[in-house]
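Taking it in order: structure first as structure tokens, then the write-up.
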Amino acid sequence: MILGVVIKPAMMLVSGTLLLLITLFQFLQGKRIIKFKGALHRKIHARVAGVLVVVAALHGLAGAALVLGWGIS
């Protein structure tokens with residue numbers, strides 16, 4: 001439980017899948033397979049990178065809490 005939220009394995013599966021999809025989007029956009037013109041390309045790439053970092057941090061924290069049995073509340 002983190003801050004009153006019970007972490008279930010399905011939640012970890014969904015967040016892991018989301019991380020994979022966001023990472024795939026970043027890769028395809030960085031390789032210019034998914035194209036945006038000019039400064040919009042940089043803005044979207046930077047914003048998606050920020051979302052990726054936040055989701056990865058939450059996924060890691062939830063995984064550590066699940067594995068280590070932390071009782072943070």
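Order determines the names: the first chain of the structure tokens is A, the second B, and so forth; residues in each chain are numbered 1 upward, and ligands are numbered 1 upward as they are shown.
Counting only C-alpha atoms, segment 59-64 of chain A has the following residues at most 12 Å away, ignoring those fewer than 5 positions along the same chain: Met1, Ile2, Leu3, Val5, Val6, Ile7, Lys8, Pro9, Ala10, Met11, Met12, Leu13, Val14, Ser15, Gly16, Thr17, Leu18, Leu19, Leu20, Leu52, Val53, Val54, Gly69, Trp70, Gly71 and Ile72 of chain A.
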Worksheet item: Taking only C-alpha atoms into account, which of A:Arg47, A:Leu68, A:His41, A:Leu58 comes nearest Leu28 of chain A?
Response: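 Going through A:Arg47, A:Leu68, A:His41, A:Leu58 one by one, the smallest distance to Leu28 of chain A is for A:His41.
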Item to complete: Could you tell me how far atom CA of Thr23 of chain A lies from atom CA of Leu66 of chain A, in Å and to one decimal?
Response: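 Result for atom CA of Thr23 of chain A versus atom CA of Leu66 of chain A: 23.2 Å, one decimal.
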